[in-house]
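J.: Got a structure for you, questions after.
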Amino acid sequence: MKTKSWKAVLALVCVVTLFIACEGKKDANLVRVVLDWTPNTNHTGLYAALEKGWFAEEGLTVTLIQPPEDGALVLLALGNAEFAVDFQETMGPAIAKNRDAMPVQAVAAIISHNTSGILSLAESGIYSPRDLAGKRFGSWETPLITALVQEIVTNDGGDFNTVRMLPNFATDAFSALQTDIDAIWVYYAWDGIAAEVNGIAVNYIDLGSLDPRFDFYTPILAANTNWLAKNPDAAQKFLRAASKGYAFAIANPSEAGEILLKHAPELDRALVMRSQEYLAPRYQADSPRWGEIDPDRWGNFYHWMFEQGLLEKDIGTGGFSNEYLPL
(Lines give C-alpha, C1' and ligand atoms only; values in the text may rest on other atoms or scores of the structure.)
Protein backbone atom coordinates (compact mmCIF):
# COMPACT_ATOMS: atom_id res chain seq x y z
CA MET A 1 0.00 0.00 0.00
CA LYS A 2 2.75 2.36 -0.88
CA THR A 3 2.15 5.64 -2.72
CA LYS A 4 3.75 5.14 -6.09
CA SER A 5 6.02 7.55 -7.92
CA TRP A 6 4.76 8.68 -11.31
CA LYS A 7 8.24 9.55 -12.64
CA ALA A 8 8.37 6.25 -14.54
CA VAL A 9 5.04 7.01 -16.21
CA LEU A 10 6.32 10.27 -17.63
CA ALA A 11 9.69 8.84 -18.65
CA LEU A 12 8.20 5.94 -20.60
CA VAL A 13 5.45 7.69 -22.54
CA CYS A 14 7.32 7.50 -25.84
CA VAL A 15 8.11 3.81 -25.33
CA VAL A 16 4.46 3.10 -24.57
CA THR A 17 3.38 4.77 -27.82
CA LEU A 18 5.60 2.50 -29.88
CA PHE A 19 4.39 -0.69 -28.21
CA ILE A 20 0.71 0.22 -28.51
CA ALA A 21 1.05 0.49 -32.28
CA CYS A 22 2.20 -3.14 -32.33
CA GLU A 23 -0.51 -4.53 -30.07
CA GLY A 24 -2.38 -7.41 -31.65
CA LYS A 25 -5.84 -8.83 -31.14
CA LYS A 26 -6.28 -10.68 -27.85
CA ASP A 27 -8.90 -13.03 -26.44
CA ALA A 28 -11.27 -10.73 -24.55
CA ASN A 29 -11.93 -13.44 -21.97
CA LEU A 30 -8.29 -13.56 -20.87
CA VAL A 31 -7.91 -10.75 -18.35
CA ARG A 32 -4.66 -9.76 -16.67
CA VAL A 33 -4.75 -7.51 -13.60
CA VAL A 34 -1.48 -5.98 -12.49
CA LEU A 35 -1.41 -5.06 -8.80
CA ASP A 36 0.17 -1.88 -7.48
CA TRP A 37 2.24 -3.67 -4.85
CA THR A 38 2.47 -7.04 -3.13
CA PRO A 39 -0.90 -8.61 -2.20
CA ASN A 40 -2.70 -6.83 0.64
CA THR A 41 -6.21 -6.04 1.83
CA ASN A 42 -6.76 -3.48 -0.92
CA HIS A 43 -6.87 -6.48 -3.25
CA THR A 44 -9.02 -8.86 -1.21
CA GLY A 45 -12.12 -8.45 -3.36
CA LEU A 46 -10.19 -9.55 -6.44
CA TYR A 47 -8.87 -12.64 -4.68
CA ALA A 48 -12.34 -13.41 -3.33
CA ALA A 49 -13.85 -13.21 -6.83
CA LEU A 50 -11.10 -15.49 -8.07
CA GLU A 51 -11.47 -17.98 -5.21
CA LYS A 52 -15.29 -18.08 -5.34
CA GLY A 53 -15.31 -18.63 -9.10
CA TRP A 54 -17.17 -15.43 -9.93
CA PHE A 55 -14.74 -14.48 -12.70
CA ALA A 56 -15.09 -17.99 -14.12
CA GLU A 57 -18.90 -17.72 -13.97
CA GLU A 58 -18.57 -14.71 -16.27
CA GLY A 59 -16.50 -16.78 -18.69
CA LEU A 60 -13.29 -14.96 -17.78
CA THR A 61 -9.85 -16.33 -17.03
CA VAL A 62 -8.29 -13.79 -14.71
CA THR A 63 -4.64 -13.62 -13.68
CA LEU A 64 -3.39 -11.31 -10.92
CA ILE A 65 0.14 -10.06 -11.56
CA GLN A 66 2.61 -8.34 -9.25
CA PRO A 67 4.33 -5.41 -10.96
CA PRO A 68 7.90 -4.24 -11.13
CA GLU A 69 8.56 -1.08 -9.10
CA ASP A 70 6.41 1.77 -10.46
CA GLY A 71 5.32 -0.47 -13.31
CA ALA A 72 1.55 -1.06 -13.00
CA LEU A 73 0.33 1.89 -15.05
CA VAL A 74 3.06 1.50 -17.65
CA LEU A 75 2.26 -2.20 -18.15
CA LEU A 76 -1.41 -1.29 -18.48
CA ALA A 77 -0.74 1.38 -21.10
CA LEU A 78 1.55 -0.98 -22.99
CA GLY A 79 -1.31 -3.45 -23.34
CA ASN A 80 0.45 -5.99 -21.12
CA ALA A 81 -2.54 -5.95 -18.77
CA GLU A 82 -6.21 -5.15 -19.16
CA PHE A 83 -6.67 -3.74 -15.64
CA ALA A 84 -4.35 -2.34 -13.00
CA VAL A 85 -4.58 -1.24 -9.40
CA ASP A 86 -3.30 2.31 -9.22
CA PHE A 87 -4.03 5.68 -7.57
CA GLN A 88 -5.84 8.83 -8.62
CA GLU A 89 -2.90 10.96 -7.51
CA THR A 90 -0.42 9.11 -9.73
CA MET A 91 -2.78 8.68 -12.69
CA GLY A 92 -3.19 12.45 -13.11
CA PRO A 93 -0.02 13.11 -15.14
CA ALA A 94 -0.76 10.11 -17.36
CA ILE A 95 -4.34 11.23 -18.02
CA ALA A 96 -3.17 14.77 -18.79
CA LYS A 97 -0.73 13.45 -21.39
CA ASN A 98 -1.56 12.58 -24.98
CA ARG A 99 -4.29 9.95 -24.70
CA ASP A 100 -2.76 7.87 -27.50
CA ALA A 101 0.45 7.66 -25.48
CA MET A 102 -1.15 6.75 -22.15
CA PRO A 103 -4.51 5.06 -22.86
CA VAL A 104 -5.60 4.51 -19.25
CA GLN A 105 -8.81 5.26 -17.39
CA ALA A 106 -10.14 4.64 -13.89
CA VAL A 107 -13.18 2.35 -13.86
CA ALA A 108 -13.76 1.71 -10.14
CA ALA A 109 -12.82 3.06 -6.74
CA ILE A 110 -11.51 0.21 -4.62
CA ILE A 111 -12.04 2.24 -1.43
CA SER A 112 -14.72 4.91 -1.37
CA HIS A 113 -12.78 7.50 0.65
CA ASN A 114 -9.12 8.30 1.12
CA THR A 115 -7.71 6.23 4.00
CA SER A 116 -4.19 7.60 3.70
CA GLY A 117 -2.47 10.19 5.85
CA ILE A 118 0.58 11.24 7.83
CA LEU A 119 1.90 8.76 10.41
CA SER A 120 4.42 9.51 13.16
CA LEU A 121 5.50 7.94 16.41
CA ALA A 122 3.58 9.36 19.38
CA GLU A 123 6.81 10.55 20.95
CA SER A 124 7.43 12.88 17.99
CA GLY A 125 4.65 15.23 19.14
CA ILE A 126 3.17 15.62 15.65
CA TYR A 127 -0.55 16.07 16.29
CA SER A 128 -1.49 18.37 13.40
CA PRO A 129 0.15 19.50 10.15
CA ARG A 130 1.77 22.60 11.70
CA ASP A 131 3.71 20.28 14.00
CA LEU A 132 5.66 19.03 10.97
CA ALA A 133 7.60 22.32 11.08
CA GLY A 134 11.18 21.55 12.06
CA LYS A 135 10.60 17.82 11.58
CA ARG A 136 11.95 15.33 9.04
CA PHE A 137 9.38 14.07 6.51
CA GLY A 138 10.11 10.88 4.60
CA SER A 139 9.27 11.51 0.95
CA TRP A 140 9.37 9.44 -2.22
CA GLU A 141 10.67 12.65 -3.79
CA THR A 142 7.69 13.43 -5.96
CA PRO A 143 6.40 16.96 -6.60
CA LEU A 144 2.95 15.83 -5.44
CA ILE A 145 4.11 14.92 -1.93
CA THR A 146 6.03 18.16 -1.55
CA ALA A 147 3.06 20.25 -2.73
CA LEU A 148 0.59 18.40 -0.53
CA VAL A 149 2.73 18.67 2.61
CA GLN A 150 3.35 22.35 1.91
CA GLU A 151 -0.38 22.94 1.53
CA ILE A 152 -1.47 21.25 4.74
CA VAL A 153 1.36 22.71 6.86
CA THR A 154 0.81 26.26 5.57
CA ASN A 155 -2.98 26.07 5.92
CA ASP A 156 -2.51 24.97 9.53
CA GLY A 157 -0.30 27.95 10.30
CA GLY A 158 3.02 26.15 10.16
CA ASP A 159 6.26 27.12 8.41
CA PHE A 160 6.80 24.68 5.57
CA ASN A 161 10.28 26.10 4.92
CA THR A 162 11.45 24.41 8.12
CA VAL A 163 10.11 20.97 7.16
CA ARG A 164 13.02 18.76 6.10
CA MET A 165 11.85 16.71 3.11
CA LEU A 166 14.16 13.71 3.10
CA PRO A 167 14.27 10.79 0.64
CA ASN A 168 12.74 7.63 2.05
CA PHE A 169 14.36 4.37 0.99
CA ALA A 170 12.70 2.15 3.59
CA THR A 171 10.29 -0.55 2.44
CA ASP A 172 7.88 0.00 5.33
CA ALA A 173 6.78 2.85 7.55
CA PHE A 174 8.32 1.62 10.78
CA SER A 175 11.73 1.03 9.29
CA ALA A 176 11.65 4.67 8.19
CA LEU A 177 10.38 6.00 11.52
CA GLN A 178 13.05 4.09 13.40
CA THR A 179 15.86 5.72 11.40
CA ASP A 180 16.11 9.42 10.56
CA ILE A 181 12.46 10.15 9.70
CA ASP A 182 9.83 11.75 11.95
CA ALA A 183 6.75 11.38 9.74
CA ILE A 184 5.69 9.57 6.59
CA TRP A 185 2.66 9.27 4.29
CA VAL A 186 0.97 5.87 4.73
CA TYR A 187 -2.23 3.94 4.15
CA TYR A 188 -3.77 3.51 7.57
CA ALA A 189 -5.41 0.21 6.64
CA TRP A 190 -1.95 -1.35 6.47
CA ASP A 191 0.71 0.65 8.34
CA GLY A 192 -1.70 2.18 10.85
CA ILE A 193 -3.22 -1.20 11.60
CA ALA A 194 0.28 -2.69 11.81
CA ALA A 195 1.00 -0.17 14.57
CA GLU A 196 -2.14 -1.29 16.43
CA VAL A 197 -1.25 -4.97 16.06
CA ASN A 198 2.28 -4.41 17.32
CA GLY A 199 1.32 -2.08 20.16
CA ILE A 200 3.23 0.90 18.73
CA ALA A 201 1.89 4.28 19.85
CA VAL A 202 1.48 6.58 16.85
CA ASN A 203 -0.15 9.82 15.81
CA TYR A 204 -2.09 9.97 12.58
CA ILE A 205 -3.30 12.90 10.45
CA ASP A 206 -6.09 11.78 8.12
CA LEU A 207 -5.82 13.60 4.79
CA GLY A 208 -9.40 13.06 3.67
CA SER A 209 -10.79 14.51 6.89
CA LEU A 210 -8.30 17.37 6.89
CA ASP A 211 -9.32 18.87 3.55
CA PRO A 212 -12.17 17.74 1.24
CA ARG A 213 -9.91 18.28 -1.79
CA PHE A 214 -7.68 15.54 -0.43
CA ASP A 215 -10.48 13.00 -0.13
CA PHE A 216 -9.33 11.60 -3.46
CA TYR A 217 -9.62 8.03 -4.71
CA THR A 218 -6.72 5.85 -3.73
CA PRO A 219 -6.47 3.06 -4.77
CA ILE A 220 -8.54 2.64 -7.91
CA LEU A 221 -8.96 0.06 -10.64
CA ALA A 222 -7.79 1.38 -13.99
CA ALA A 223 -8.25 -0.15 -17.44
CA ASN A 224 -6.60 0.14 -20.82
CA THR A 225 -8.94 2.36 -22.86
CA ASN A 226 -8.06 0.69 -26.17
CA TRP A 227 -9.08 -2.65 -24.69
CA LEU A 228 -12.24 -1.12 -23.18
CA ALA A 229 -13.32 0.26 -26.55
CA LYS A 230 -12.99 -3.16 -28.16
CA ASN A 231 -14.32 -5.23 -25.23
CA PRO A 232 -16.97 -3.34 -23.25
CA ASP A 233 -18.89 -6.54 -22.46
CA ALA A 234 -15.80 -8.22 -21.03
CA ALA A 235 -15.10 -5.11 -18.94
CA GLN A 236 -18.61 -5.22 -17.51
CA LYS A 237 -18.26 -8.93 -16.75
CA PHE A 238 -14.98 -8.33 -14.97
CA LEU A 239 -16.37 -5.53 -12.82
CA ARG A 240 -19.55 -7.46 -12.09
CA ALA A 241 -17.44 -10.29 -10.64
CA ALA A 242 -15.07 -7.88 -8.86
CA SER A 243 -18.07 -6.14 -7.30
CA LYS A 244 -19.24 -9.49 -5.93
CA GLY A 245 -15.76 -10.03 -4.52
CA TYR A 246 -15.73 -6.74 -2.67
CA ALA A 247 -19.32 -7.18 -1.51
CA PHE A 248 -18.21 -10.51 -0.04
CA ALA A 249 -15.24 -8.84 1.69
CA ILE A 250 -17.61 -6.22 3.13
CA ALA A 251 -20.03 -8.80 4.49
CA ASN A 252 -17.49 -11.47 5.49
CA PRO A 253 -14.20 -9.83 6.50
CA SER A 254 -12.85 -12.84 8.38
CA GLU A 255 -13.48 -15.30 5.57
CA ALA A 256 -12.20 -12.77 3.04
CA GLY A 257 -9.04 -12.42 5.10
CA GLU A 258 -8.57 -16.18 5.01
CA ILE A 259 -8.87 -16.12 1.23
CA LEU A 260 -6.19 -13.45 0.97
CA LEU A 261 -3.92 -15.45 3.28
CA LYS A 262 -4.46 -18.56 1.17
CA HIS A 263 -3.16 -16.70 -1.89
CA ALA A 264 -0.46 -14.79 0.02
CA PRO A 265 0.53 -17.01 2.99
CA GLU A 266 3.63 -14.89 3.63
CA LEU A 267 1.45 -12.10 5.07
CA ASP A 268 1.07 -11.58 8.81
CA ARG A 269 -2.22 -13.16 9.86
CA ALA A 270 -3.03 -10.73 12.66
CA LEU A 271 -2.37 -7.75 10.40
CA VAL A 272 -4.50 -9.13 7.57
CA MET A 273 -7.47 -9.97 9.78
CA ARG A 274 -7.43 -6.62 11.62
CA SER A 275 -6.93 -4.71 8.36
CA GLN A 276 -9.82 -6.62 6.79
CA GLU A 277 -12.11 -5.59 9.63
CA TYR A 278 -11.00 -1.98 9.22
CA LEU A 279 -11.64 -1.89 5.46
CA ALA A 280 -14.90 -3.86 5.38
CA PRO A 281 -17.12 -0.81 6.04
CA ARG A 282 -14.85 1.47 3.99
CA TYR A 283 -14.74 -0.28 0.61
CA GLN A 284 -18.16 1.14 -0.26
CA ALA A 285 -18.90 3.41 2.75
CA ASP A 286 -21.59 5.94 1.76
CA SER A 287 -21.33 5.35 -1.98
CA PRO A 288 -24.53 4.09 -3.68
CA ARG A 289 -22.58 1.09 -4.99
CA TRP A 290 -19.08 -0.33 -4.67
CA GLY A 291 -16.67 1.25 -7.11
CA GLU A 292 -18.61 4.39 -7.97
CA ILE A 293 -16.52 7.54 -8.42
CA ASP A 294 -18.03 10.91 -7.53
CA PRO A 295 -17.25 13.42 -10.32
CA ASP A 296 -16.99 16.40 -7.96
CA ARG A 297 -14.46 14.76 -5.64
CA TRP A 298 -12.49 13.44 -8.60
CA GLY A 299 -12.43 16.82 -10.33
CA ASN A 300 -11.70 18.88 -7.21
CA PHE A 301 -8.50 17.01 -6.54
CA TYR A 302 -7.27 17.28 -10.12
CA HIS A 303 -8.12 20.99 -10.13
CA TRP A 304 -5.89 21.39 -7.07
CA MET A 305 -3.11 19.44 -8.79
CA PHE A 306 -3.39 21.71 -11.83
CA GLU A 307 -3.23 24.81 -9.65
CA GLN A 308 -0.04 23.45 -8.09
CA GLY A 309 1.55 22.99 -11.51
CA LEU A 310 1.44 19.20 -11.17
CA LEU A 311 -0.64 18.64 -14.33
CA GLU A 312 -0.19 19.94 -17.86
CA LYS A 313 -3.89 20.76 -18.04
CA ASP A 314 -6.94 20.84 -15.81
CA ILE A 315 -8.40 17.36 -16.27
CA GLY A 316 -11.64 18.19 -14.51
CA THR A 317 -13.83 15.12 -14.44
CA GLY A 318 -11.91 13.37 -17.22
CA GLY A 319 -10.02 10.12 -16.86
CA PHE A 320 -12.68 7.95 -15.21
CA SER A 321 -15.94 6.19 -16.02
CA ASN A 322 -18.64 4.53 -13.95
CA GLU A 323 -20.31 3.00 -17.00
CA TYR A 324 -18.76 -0.45 -16.64
CA LEU A 325 -19.94 -0.98 -13.06
CA PRO A 326 -23.01 -3.14 -12.47
CA LEU A 327 -26.21 -1.19 -11.85
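Starting from 1 in every chain, residues are counted up; chains themselves are A, B, ... following the order of the C-alpha coordinates, and ligands are numbered from 1 as listed.
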Given only C-alpha atoms, how would the per-residue table for region 63-135 of chain A near region 194-206 of chain A read, listing every residue at most 12 Å away with its closest atom pair and distance in Å to one decimal, sorted by chain and number, as JSON lines?

T.:
{"residue": "A:His113", "atom": "CA", "partner": "A:Asp206", "partner_atom": "CA", "distance": 10.9}
{"residue": "A:Asn114", "atom": "CA", "partner": "A:Asp206", "partner_atom": "CA", "distance": 8.4}
{"residue": "A:Thr115", "atom": "CA", "partner": "A:Asp206", "partner_atom": "CA", "distance": 7.1}
{"residue": "A:Ser116", "atom": "CA", "partner": "A:Asp206", "partner_atom": "CA", "distance": 6.4}
{"residue": "A:Gly117", "atom": "CA", "partner": "A:Asp206", "partner_atom": "CA", "distance": 4.6}
{"residue": "A:Ile118", "atom": "CA", "partner": "A:Ile205", "partner_atom": "CA", "distance": 5.0}
{"residue": "A:Leu119", "atom": "CA", "partner": "A:Tyr204", "partner_atom": "CA", "distance": 4.7}
{"residue": "A:Ser120", "atom": "CA", "partner": "A:Asn203", "partner_atom": "CA", "distance": 5.3}
{"residue": "A:Leu121", "atom": "CA", "partner": "A:Val202", "partner_atom": "CA", "distance": 4.3}
{"residue": "A:Ala122", "atom": "CA", "partner": "A:Val202", "partner_atom": "CA", "distance": 4.3}
{"residue": "A:Glu123", "atom": "CA", "partner": "A:Val202", "partner_atom": "CA", "distance": 7.8}
{"residue": "A:Ser124", "atom": "CA", "partner": "A:Asn203", "partner_atom": "CA", "distance": 8.5}
{"residue": "A:Gly125", "atom": "CA", "partner": "A:Asn203", "partner_atom": "CA", "distance": 8.0}
{"residue": "A:Ile126", "atom": "CA", "partner": "A:Asn203", "partner_atom": "CA", "distance": 6.7}
{"residue": "A:Tyr127", "atom": "CA", "partner": "A:Asn203", "partner_atom": "CA", "distance": 6.3}
{"residue": "A:Ser128", "atom": "CA", "partner": "A:Ile205", "partner_atom": "CA", "distance": 6.5}
{"residue": "A:Pro129", "atom": "CA", "partner": "A:Ile205", "partner_atom": "CA", "distance": 7.4}
{"residue": "A:Arg130", "atom": "CA", "partner": "A:Ile205", "partner_atom": "CA", "distance": 11.0}
{"residue": "A:Asp131", "atom": "CA", "partner": "A:Ile205", "partner_atom": "CA", "distance": 10.8}
{"residue": "A:Leu132", "atom": "CA", "partner": "A:Ile205", "partner_atom": "CA", "distance": 10.9}

J.: Could those selected residues go to a file with all heavy atoms, as a short mmCIF file (atom, residue, chain, number, x, y, z; two decimals), in the first residue's frame?

T.:
data_model
loop_
_atom_site.label_atom_id
_atom_site.label_comp_id
_atom_site.auth_asym_id
_atom_site.auth_seq_id
_atom_site.Cartn_x
_atom_site.Cartn_y
_atom_site.Cartn_z
N HIS A 113 -13.39 6.26 0.17
CA HIS A 113 -12.78 7.50 0.65
C HIS A 113 -11.30 7.29 0.91
O HIS A 113 -10.85 6.16 1.14
CB HIS A 113 -13.47 7.99 1.92
CG HIS A 113 -14.87 8.49 1.70
ND1 HIS A 113 -15.15 9.76 1.25
CD2 HIS A 113 -16.06 7.86 1.84
CE1 HIS A 113 -16.47 9.91 1.14
NE2 HIS A 113 -17.04 8.77 1.48
N ASN A 114 -10.55 8.36 0.89
CA ASN A 114 -9.12 8.30 1.12
C ASN A 114 -8.83 7.83 2.55
O ASN A 114 -9.28 8.44 3.52
CB ASN A 114 -8.51 9.68 0.89
CG ASN A 114 -6.99 9.66 0.90
OD1 ASN A 114 -6.36 8.63 1.15
ND2 ASN A 114 -6.39 10.80 0.61
N THR A 115 -8.10 6.74 2.67
CA THR A 115 -7.71 6.23 4.00
C THR A 115 -6.22 6.40 4.22
O THR A 115 -5.62 5.69 5.03
CB THR A 115 -8.09 4.75 4.16
OG1 THR A 115 -7.44 3.99 3.13
CG2 THR A 115 -9.59 4.55 4.07
N SER A 116 -5.61 7.35 3.51
CA SER A 116 -4.19 7.60 3.70
C SER A 116 -3.97 8.88 4.50
O SER A 116 -4.87 9.72 4.61
CB SER A 116 -3.46 7.69 2.35
OG SER A 116 -3.80 8.87 1.65
N GLY A 117 -2.78 9.01 5.06
CA GLY A 117 -2.47 10.19 5.85
C GLY A 117 -1.05 10.17 6.36
O GLY A 117 -0.23 9.37 5.92
N ILE A 118 -0.77 11.05 7.31
CA ILE A 118 0.58 11.24 7.83
C ILE A 118 0.72 10.50 9.16
O ILE A 118 -0.01 10.77 10.11
CB ILE A 118 0.89 12.73 8.03
CG1 ILE A 118 0.55 13.53 6.77
CG2 ILE A 118 2.35 12.90 8.42
CD1 ILE A 118 1.26 13.08 5.52
N LEU A 119 1.67 9.57 9.22
CA LEU A 119 1.90 8.76 10.41
C LEU A 119 3.21 9.17 11.07
O LEU A 119 4.21 9.43 10.39
CB LEU A 119 1.96 7.28 10.04
CG LEU A 119 2.00 6.28 11.20
CD1 LEU A 119 0.61 6.11 11.79
CD2 LEU A 119 2.53 4.93 10.71
N SER A 120 3.20 9.22 12.39
CA SER A 120 4.42 9.51 13.16
C SER A 120 4.35 8.76 14.47
O SER A 120 3.27 8.39 14.93
CB SER A 120 4.57 11.02 13.41
OG SER A 120 3.46 11.51 14.15
N LEU A 121 5.48 8.53 15.08
CA LEU A 121 5.50 7.94 16.41
C LEU A 121 4.93 8.94 17.41
O LEU A 121 5.15 10.15 17.28
CB LEU A 121 6.92 7.54 16.80
CG LEU A 121 7.59 6.47 15.92
CD1 LEU A 121 9.01 6.22 16.41
CD2 LEU A 121 6.78 5.17 15.92
N ALA A 122 4.22 8.47 18.41
CA ALA A 122 3.58 9.36 19.38
C ALA A 122 4.60 10.28 20.04
O ALA A 122 4.31 11.45 20.32
CB ALA A 122 2.84 8.53 20.43
N GLU A 123 5.78 9.77 20.25
CA GLU A 123 6.81 10.55 20.95
C GLU A 123 7.30 11.75 20.15
O GLU A 123 7.92 12.67 20.68
CB GLU A 123 8.01 9.66 21.28
CG GLU A 123 8.67 9.09 20.06
CD GLU A 123 9.58 7.90 20.35
OE1 GLU A 123 9.16 7.02 21.12
OE2 GLU A 123 10.70 7.86 19.81
N SER A 124 6.98 11.78 18.83
CA SER A 124 7.43 12.88 17.99
C SER A 124 6.65 14.17 18.24
O SER A 124 7.09 15.26 17.88
CB SER A 124 7.31 12.51 16.51
OG SER A 124 5.93 12.43 16.14
N GLY A 125 5.45 14.05 18.84
CA GLY A 125 4.65 15.23 19.14
C GLY A 125 4.00 15.86 17.92
O GLY A 125 3.66 17.05 17.94
N ILE A 126 3.80 15.10 16.87
CA ILE A 126 3.17 15.62 15.65
C ILE A 126 1.68 15.29 15.72
O ILE A 126 1.26 14.17 15.42
CB ILE A 126 3.81 15.01 14.39
CG1 ILE A 126 5.29 15.35 14.34
CG2 ILE A 126 3.10 15.52 13.13
CD1 ILE A 126 6.06 14.64 13.24
N TYR A 127 0.89 16.27 16.12
CA TYR A 127 -0.55 16.07 16.29
C TYR A 127 -1.36 16.70 15.16
O TYR A 127 -2.50 16.29 14.92
CB TYR A 127 -1.01 16.66 17.63
CG TYR A 127 -0.29 16.08 18.82
CD1 TYR A 127 0.71 16.80 19.46
CD2 TYR A 127 -0.58 14.79 19.27
CE1 TYR A 127 1.40 16.26 20.55
CE2 TYR A 127 0.10 14.25 20.36
CZ TYR A 127 1.08 14.98 20.99
OH TYR A 127 1.75 14.44 22.06
N SER A 128 -0.82 17.70 14.51
CA SER A 128 -1.49 18.37 13.40
C SER A 128 -0.44 18.79 12.39
O SER A 128 0.77 18.76 12.69
CB SER A 128 -2.27 19.59 13.91
OG SER A 128 -1.39 20.60 14.36
N PRO A 129 -0.84 19.18 11.18
CA PRO A 129 0.15 19.50 10.15
C PRO A 129 1.19 20.55 10.55
O PRO A 129 2.36 20.44 10.17
CB PRO A 129 -0.72 19.99 8.98
CG PRO A 129 -2.01 19.26 9.15
CD PRO A 129 -2.22 19.19 10.64
N ARG A 130 0.80 21.57 11.32
CA ARG A 130 1.77 22.60 11.70
C ARG A 130 2.91 22.03 12.54
O ARG A 130 4.01 22.60 12.58
CB ARG A 130 1.08 23.74 12.44
CG ARG A 130 0.47 23.37 13.78
CD ARG A 130 -0.12 24.59 14.47
NE ARG A 130 -0.85 24.22 15.69
CZ ARG A 130 -2.13 23.93 15.70
NH1 ARG A 130 -2.84 23.97 14.58
NH2 ARG A 130 -2.73 23.61 16.84
N ASP A 131 2.67 20.89 13.18
CA ASP A 131 3.71 20.28 14.00
C ASP A 131 4.81 19.63 13.17
O ASP A 131 5.84 19.22 13.72
CB ASP A 131 3.10 19.23 14.94
CG ASP A 131 2.12 19.83 15.94
OD1 ASP A 131 2.34 20.99 16.36
OD2 ASP A 131 1.13 19.15 16.27
N LEU A 132 4.61 19.55 11.86
CA LEU A 132 5.66 19.03 10.97
C LEU A 132 6.79 20.03 10.81
O LEU A 132 7.89 19.67 10.37
CB LEU A 132 5.08 18.67 9.60
CG LEU A 132 4.16 17.45 9.54
CD1 LEU A 132 3.46 17.38 8.20
CD2 LEU A 132 4.96 16.17 9.79
#

J.: If DSSP is run on the backbone, what residues of region 30-243 of chain A are helix (DSSP H, G or I)? A reply as a PyMOL selection string would be ideal.

T.: chain A and resi 44-51+54-57+72-78+88-96+122-124+129-132+143-155+160-162+173-177+188-197+207-210+212-214+225-230+232-243

J.: What's the separation between CA of Ala222 (chain A) and CA of Gln150 (chain A), in Å to one decimal place?

T.: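 Between these atoms lies a distance of 28.6 Å.
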
J.: Could you give me, as a PyMOL selection string, the residues within 8 Å of Leu239 (chain A), counting only C-alpha atoms and dropping anything in the same chain fewer than 6 positions from it?

T.: chain A and resi 324-326

J.: Mind dumping the selected residues with N, CA and C atoms as a JSON list (two decimals), in the first residue's frame?

T.:
[["chain", "number", "residue", "atom", "x", "y", "z"],
["A", 324, "TYR", "N", -18.99, 0.98, -16.59],
["A", 324, "TYR", "CA", -18.76, -0.45, -16.64],
["A", 324, "TYR", "C", -19.16, -1.16, -15.35],
["A", 325, "LEU", "N", -19.51, -0.39, -14.32],
["A", 325, "LEU", "CA", -19.94, -0.98, -13.06],
["A", 325, "LEU", "C", -21.34, -1.54, -13.18],
["A", 326, "PRO", "N", -21.65, -2.60, -12.44],
["A", 326, "PRO", "CA", -23.01, -3.14, -12.47],
["A", 326, "PRO", "C", -23.98, -2.16, -11.84]]

J.: Mind checking which residues fall within 8 Å of Phe216 (chain A), counting only C-alpha atoms, ignoring those fewer than 4 positions away in the same chain, and posting them as a PyMOL selection string?

T.: chain A and resi 88-89+113-114+208+297-298+301
